Each structure stands twice: as structure tokens, then as C-alpha cells.
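Pasted below: target30.cif, mmCIF, C-alpha atoms.
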data_start
loop_
_atom_site.group_PDB
_atom_site.id
_atom_site.type_symbol
_atom_site.label_atom_id
_atom_site.label_comp_id
_atom_site.auth_asym_id
_atom_site.auth_seq_id
_atom_site.Cartn_x
_atom_site.Cartn_y
_atom_site.Cartn_z
ATOM 1 C CA MET F 1 0.000 0.000 0.000
ATOM 2 C CA ASN F 2 1.395 3.386 -0.941
ATOM 3 C CA TRP F 3 1.144 6.725 0.869
ATOM 4 C CA THR F 4 -1.652 7.967 -1.365
ATOM 5 C CA ALA F 5 -3.830 4.988 -0.497
ATOM 6 C CA LEU F 6 -3.063 5.359 3.217
ATOM 7 C CA SER F 7 -3.909 9.050 3.015
ATOM 8 C CA ALA F 8 -7.246 8.261 1.338
ATOM 9 C CA VAL F 9 -8.073 5.657 4.014
ATOM 10 C CA GLY F 10 -7.125 8.163 6.727
ATOM 11 C CA GLN F 11 -9.370 10.827 5.218
ATOM 12 C CA LEU F 12 -12.240 8.341 5.000
ATOM 13 C CA VAL F 13 -11.797 7.347 8.656
ATOM 14 C CA ALA F 14 -11.589 11.027 9.657
ATOM 15 C CA ALA F 15 -14.760 11.853 7.701
ATOM 16 C CA ALA F 16 -16.587 8.946 9.356
ATOM 17 C CA ALA F 17 -15.397 10.110 12.785
ATOM 18 C CA VAL F 18 -16.633 13.658 12.097
ATOM 19 C CA LEU F 19 -20.016 12.307 10.950
ATOM 20 C CA ILE F 20 -20.366 10.128 14.059
ATOM 21 C CA THR F 21 -19.406 13.078 16.266
ATOM 22 C CA LEU F 22 -21.966 15.344 14.584
ATOM 23 C CA LEU F 23 -24.701 12.736 14.969
ATOM 24 C CA TYR F 24 -23.813 12.315 18.639
ATOM 25 C CA LEU F 25 -23.836 16.084 19.230
ATOM 26 C CA ALA F 26 -27.188 16.462 17.440
ATOM 27 C CA ARG F 27 -28.652 13.790 19.697
ATOM 28 C CA GLN F 28 -27.249 15.490 22.805
ATOM 29 C CA VAL F 29 -28.646 18.885 21.759
ATOM 30 C CA ARG F 30 -32.073 17.356 21.084
ATOM 31 C CA GLN F 31 -32.087 15.677 24.514
ATOM 32 C CA SER F 32 -30.979 18.891 26.185
ATOM 33 C CA ASN F 33 -33.722 20.878 24.431
ATOM 34 C CA ARG F 34 -36.300 18.298 25.485
ATOM 35 C CA GLN F 35 -35.136 18.530 29.097
ATOM 36 C CA ASP F 36 -35.386 22.334 28.960
ATOM 37 C CA LEU F 37 -38.903 22.042 27.552
ATOM 38 C CA LEU F 38 -39.962 19.572 30.226
ATOM 39 C CA GLY F 39 -38.475 21.853 32.868
ATOM 40 C CA ALA F 40 -40.501 24.794 31.568
ATOM 41 C CA PHE F 41 -43.712 22.763 31.646
ATOM 42 C CA ARG F 42 -42.884 21.422 35.105
ATOM 43 C CA HIS F 43 -42.349 25.013 36.293
ATOM 44 C CA THR F 44 -45.774 26.022 34.938
ATOM 45 C CA TYR F 45 -47.492 23.092 36.640
ATOM 46 C CA ASP F 46 -45.603 23.780 39.872
ATOM 47 C CA SER F 47 -46.761 27.411 39.704
ATOM 48 C CA LEU F 48 -50.350 26.304 39.182
ATOM 49 C CA ASN F 49 -50.133 23.857 42.079
ATOM 50 C CA GLU F 50 -48.586 26.457 44.393
ATOM 51 C CA TRP F 51 -51.278 28.951 43.429
ATOM 52 C CA ALA F 52 -54.041 26.393 44.057
ATOM 53 C CA MET F 53 -52.533 25.431 47.425
ATOM 54 C CA SER F 54 -52.358 29.076 48.484
ATOM 55 C CA ILE F 55 -56.099 29.307 47.864
ATOM 56 C CA VAL F 56 -56.801 26.070 49.700
ATOM 57 C CA GLU F 57 -54.711 27.142 52.695
ATOM 58 C CA SER F 58 -56.239 30.617 52.905
ATOM 59 C CA GLY F 59 -58.977 31.232 55.397
ATOM 60 C CA GLU F 60 -60.710 34.021 53.460
ATOM 61 C CA ILE F 61 -59.933 33.624 49.756
ATOM 62 C CA PRO F 62 -62.165 30.601 49.024
ATOM 63 C CA ALA F 63 -65.210 32.422 50.420
ATOM 64 C CA ILE F 64 -64.361 35.545 48.413
ATOM 65 C CA ILE F 65 -63.982 33.478 45.233
ATOM 66 C CA LEU F 66 -67.321 31.761 45.799
ATOM 67 C CA ARG F 67 -69.118 35.079 46.434
ATOM 68 C CA GLY F 68 -67.318 36.789 43.557
ATOM 69 C CA ARG F 69 -68.266 34.030 41.132
ATOM 70 C CA LEU F 70 -71.918 34.773 41.836
ATOM 71 C CA SER F 71 -71.653 38.554 41.762
ATOM 72 C CA TYR F 72 -68.464 40.502 41.152
ATOM 73 C CA LYS F 73 -70.144 43.850 41.866
ATOM 74 C CA ASP F 74 -71.377 42.720 45.295
ATOM 75 C CA LEU F 75 -67.833 42.253 46.594
ATOM 76 C CA SER F 76 -66.368 44.935 48.837
ATOM 77 C CA ASP F 77 -63.381 46.856 47.488
ATOM 78 C CA ILE F 78 -60.927 44.701 49.472
ATOM 79 C CA GLU F 79 -62.669 41.482 48.411
ATOM 80 C CA ARG F 80 -62.706 42.606 44.788
ATOM 81 C CA LEU F 81 -58.979 43.318 44.964
ATOM 82 C CA ARG F 82 -58.331 39.808 46.301
ATOM 83 C CA PHE F 83 -60.673 38.236 43.755
ATOM 84 C CA ASP F 84 -58.942 40.192 40.978
ATOM 85 C CA HIS F 85 -55.477 39.110 41.983
ATOM 86 C CA VAL F 86 -56.402 35.458 42.373
ATOM 87 C CA HIS F 87 -57.766 35.537 38.838
ATOM 88 C CA PHE F 88 -54.834 37.596 37.503
ATOM 89 C CA VAL F 89 -52.445 34.921 38.746
ATOM 90 C CA CYS F 90 -54.603 32.242 37.124
ATOM 91 C CA LEU F 91 -54.664 34.158 33.835
ATOM 92 C CA ASN F 92 -50.908 34.704 33.942
ATOM 93 C CA ILE F 93 -50.327 30.985 34.404
ATOM 94 C CA ILE F 94 -52.775 30.228 31.580
ATOM 95 C CA GLU F 95 -51.045 32.768 29.343
ATOM 96 C CA SER F 96 -47.590 31.400 30.121
ATOM 97 C CA HIS F 97 -48.656 27.820 29.479
ATOM 98 C CA TYR F 98 -50.470 28.810 26.287
ATOM 99 C CA TYR F 99 -47.335 30.405 24.849
ATOM 100 C CA GLN F 100 -45.180 27.464 25.918
ATOM 101 C CA VAL F 101 -47.511 25.094 24.093
ATOM 102 C CA GLN F 102 -47.573 27.286 20.988
ATOM 103 C CA ALA F 103 -43.819 27.874 20.899
ATOM 104 C CA THR F 104 -42.614 24.332 21.352
ATOM 105 C CA ALA F 105 -42.162 21.732 18.690
ATOM 106 C CA MET F 106 -44.267 18.969 20.167
ATOM 107 C CA ASP F 107 -46.578 16.612 18.418
ATOM 108 C CA ASP F 108 -50.100 17.672 17.469
ATOM 109 C CA GLU F 109 -51.732 15.168 19.820
ATOM 110 C CA TYR F 110 -49.980 16.650 22.854
ATOM 111 C CA ARG F 111 -50.661 20.201 21.671
ATOM 112 C CA GLN F 112 -54.383 19.410 21.342
ATOM 113 C CA TRP F 113 -54.461 17.787 24.779
ATOM 114 C CA ALA F 114 -52.665 20.772 26.337
ATOM 115 C CA MET F 115 -55.079 23.234 24.735
ATOM 116 C CA GLU F 116 -58.069 21.215 25.961
ATOM 117 C CA ASN F 117 -56.533 21.244 29.431
ATOM 118 C CA LEU F 118 -56.216 25.021 29.292
ATOM 119 C CA ALA F 119 -59.854 25.313 28.173
ATOM 120 C CA VAL F 120 -60.932 23.228 31.176
ATOM 121 C CA LEU F 121 -58.908 25.470 33.490
ATOM 122 C CA VAL F 122 -60.448 28.600 31.958
ATOM 123 C CA ARG F 123 -63.971 27.215 32.338
ATOM 124 C CA GLY F 124 -63.232 26.100 35.889
ATOM 125 C CA TYR F 125 -62.368 29.615 37.010
ATOM 126 C CA PHE F 126 -64.135 31.929 34.583
ATOM 127 C CA ASP F 127 -67.436 30.292 33.645
ATOM 128 C CA TYR F 128 -69.375 32.085 36.396
ATOM 129 C CA PRO F 129 -71.292 35.363 36.167
ATOM 130 C CA GLY F 130 -68.933 37.257 38.495
ATOM 131 C CA ALA F 131 -65.768 35.889 36.907
ATOM 132 C CA ARG F 132 -67.110 36.790 33.461
ATOM 133 C CA ASP F 133 -67.727 40.345 34.723
ATOM 134 C CA PHE F 134 -64.134 40.458 35.949
ATOM 135 C CA TRP F 135 -62.902 39.155 32.576
ATOM 136 C CA THR F 136 -64.750 41.844 30.637
ATOM 137 C CA HIS F 137 -62.864 44.484 32.652
ATOM 138 C CA VAL F 138 -59.397 42.981 32.253
ATOM 139 C CA GLN F 139 -59.332 41.203 28.901
ATOM 140 C CA GLN F 140 -57.683 44.169 27.176
ATOM 141 C CA TYR F 141 -54.540 43.488 29.235
ATOM 142 C CA TYR F 142 -53.993 40.182 27.460
ATOM 143 C CA GLN F 143 -52.777 39.321 23.983
ATOM 144 C CA PRO F 144 -55.438 38.624 21.316
ATOM 145 C CA ALA F 145 -54.495 34.934 21.257
ATOM 146 C CA VAL F 146 -55.203 34.614 24.995
ATOM 147 C CA ARG F 147 -58.459 36.566 24.672
ATOM 148 C CA LYS F 148 -59.466 34.164 21.896
ATOM 149 C CA LEU F 149 -58.562 31.147 24.059
ATOM 150 C CA VAL F 150 -60.732 32.440 26.910
ATOM 151 C CA ALA F 151 -63.618 33.333 24.566
ATOM 152 C CA GLU F 152 -63.535 29.925 22.877
ATOM 153 C CA SER F 153 -63.231 28.117 26.215
ATOM 154 C CA LEU F 154 -66.273 29.951 27.531
ATOM 155 C CA GLY F 155 -68.216 29.429 24.315
ATOM 156 C CA ASP F 156 -68.234 33.158 23.539
ATOM 157 C CA ALA F 157 -66.381 32.909 20.220
#

Spell out the structure here as C-alpha cells.
Amino acid sequence: MNWTALSAVGQLVAAAAVLITLLYLARQVRQSNRQDLLGAFRHTYDSLNEWAMSIVESGEIPAIILRGRLSYKDLSDIERLRFDHVHFVCLNIIESHYYQVQATAMDDEYRQWAMENLAVLVRGYFDYPGARDFWTHVQQYYQPAVRKLVAESLGDA
């Protein structure tokens, strides 16, 4: 075997090594991106759980929410402020999760499931006369896509 042949074999081995390395790195990047995505979703669910537990553990907030659902205007100023902020936090979590779902490259089945989950959450907190009154006053603070999500979830679209 001459030097030219050895050089060609060496270049072929080097090219194969580069290809294997690139494939390995692509796989590592994909796994890292998936872990980042799962971490973002876990953070959203943790936020939702913490928010729900703060309501459960509160002595006054559940009663305010129940009264506010029936009639937003019958709440006192302090109660309305608490009702507002409970629902603002809920809307912020919904908005964050909505944009995570829209921005990530996940399969259509998961995206559909996630959107249905968001619709259930919206209905669970906003499909009451008082909560709908609250929503009419604050919807302009949210992006059109989130307003559409809430409207469709409540059957107003």
C-alpha cells in the first residue's frame, strides 16, 4: 500500500469520525432541548399547584372566590382586589402555558391535549357570572391569542 492509499483511508476514517461526532452532538442537543422544555412545563405546573394550594390554605380567599363568582359587583373593594389578583395569577399561568404550548415543537396530539386542558382550566375559574364580569374588565390586558382562548373556552367565540 502506498502513501496515497493510506492518506485516502485516513481521510475516510476522519470523515466517518466527524459524521459520528456530529450525529452524537445532534442527539445530545435534542435531549438537552427536550429537558429544557420539560423543565418549563414542570415550572408552569408547579406554579399552578402552588397557586391552588395558596387558595386552599387561605382562610378568606375561598369564600371571596365563591361570592365573587356569583356577583363581582357585590364584593367589597378589598374582596374585589383579592378576587382580581387570584384571577390575575390564574390568567398569567394560563397565558404562560399557552405560549409554551404554541412555541414548542411537540406533536399535534400533545398540543391538542394541552389546549383542551387550558380550556378546562379557563372554564373552571371563569365560567361564572362574576368571573365573566371580571374578565370583561381585564381582557384588554392580554394578547389577542389569549383573549381568543378564553372566549372559545367559555363558548363566547

Counting all atoms listed in the file, closest pick from F:Val13, F:Val89, F:Val150, F:Ala145 relative to Arg123 (chain F) is F:Val150

Coordinates-based distance that separates CA of Leu66 (chain F) from CA of Glu95 (chain F) (Å, one decimal) |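 That distance, rounded to one decimal, is 23.2 Å.
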
F:Gln143, F:Ser96, F:Ser153, F:Thr136: which is nearest Asp84 (chain F), counting all atoms listed in the file?
-> F:Thr136

Could you pull the residues within 12 Å of Gln139 (chain F), counting all atoms listed in the file, minus those fewer than 2 positions along the same chain, as a PyMOL selection string?
-> chain F and resi 87-88+91-92+95+126+131-137+141-151

Exercise: Glu116 (chain F) partners within 12 Å, only C-alpha atoms, chain neighbours under 3 positions left out, as a VMD selection string = chain F and resid 94 98 101 109 to 113 119 to 123 149 to 150 152 to 153

For Lys73 (chain F), the nearest of the candidates F:Leu38, F:Leu48, F:Gly130, F:Val86, counting all atoms listed in the file |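 The closest residue to Lys73 (chain F) is F:Gly130.
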
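Between CA of Ala114 (chain F) and CA of Ser58 (chain F) the separation is 28.6 Å.
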
For CA of Leu75 (chain F) and CA of Glu50 (chain F), quote the distance in Å rounded to one decimal.
-> 25.0 Å

Return as a PyMOL selection string the set of residues that the PyMOL selection byres ((chain F and resi 40) around 12) yields on the displayed structure.
-> chain F and resi 33-39+41-47+93+96-101+103-104

Place a sphere of radius 9 Å on (-57.9, 31.6, 46.0) in the file coordinates and name every protein, DNA or RNA residue with an atom inside or on its surface, counting all atoms listed in the file; give the answer as a PyMOL selection string.
-> chain F and resi 51-58+60-65+82-83+85-87

Dump C-alpha atoms of region 103-145 of chain F from the given block, as a compact mmCIF listing (two decimals), in the first residue's frame.
# COMPACT_ATOMS: atom_id res chain seq x y z
CA ALA F 103 -43.82 27.87 20.90
CA THR F 104 -42.61 24.33 21.35
CA ALA F 105 -42.16 21.73 18.69
CA MET F 106 -44.27 18.97 20.17
CA ASP F 107 -46.58 16.61 18.42
CA ASP F 108 -50.10 17.67 17.47
CA GLU F 109 -51.73 15.17 19.82
CA TYR F 110 -49.98 16.65 22.85
CA ARG F 111 -50.66 20.20 21.67
CA GLN F 112 -54.38 19.41 21.34
CA TRP F 113 -54.46 17.79 24.78
CA ALA F 114 -52.66 20.77 26.34
CA MET F 115 -55.08 23.23 24.73
CA GLU F 116 -58.07 21.22 25.96
CA ASN F 117 -56.53 21.24 29.43
CA LEU F 118 -56.22 25.02 29.29
CA ALA F 119 -59.85 25.31 28.17
CA VAL F 120 -60.93 23.23 31.18
CA LEU F 121 -58.91 25.47 33.49
CA VAL F 122 -60.45 28.60 31.96
CA ARG F 123 -63.97 27.22 32.34
CA GLY F 124 -63.23 26.10 35.89
CA TYR F 125 -62.37 29.62 37.01
CA PHE F 126 -64.14 31.93 34.58
CA ASP F 127 -67.44 30.29 33.64
CA TYR F 128 -69.37 32.08 36.40
CA PRO F 129 -71.29 35.36 36.17
CA GLY F 130 -68.93 37.26 38.50
CA ALA F 131 -65.77 35.89 36.91
CA ARG F 132 -67.11 36.79 33.46
CA ASP F 133 -67.73 40.34 34.72
CA PHE F 134 -64.13 40.46 35.95
CA TRP F 135 -62.90 39.15 32.58
CA THR F 136 -64.75 41.84 30.64
CA HIS F 137 -62.86 44.48 32.65
CA VAL F 138 -59.40 42.98 32.25
CA GLN F 139 -59.33 41.20 28.90
CA GLN F 140 -57.68 44.17 27.18
CA TYR F 141 -54.54 43.49 29.24
CA TYR F 142 -53.99 40.18 27.46
CA GLN F 143 -52.78 39.32 23.98
CA PRO F 144 -55.44 38.62 21.32
CA ALA F 145 -54.49 34.93 21.26
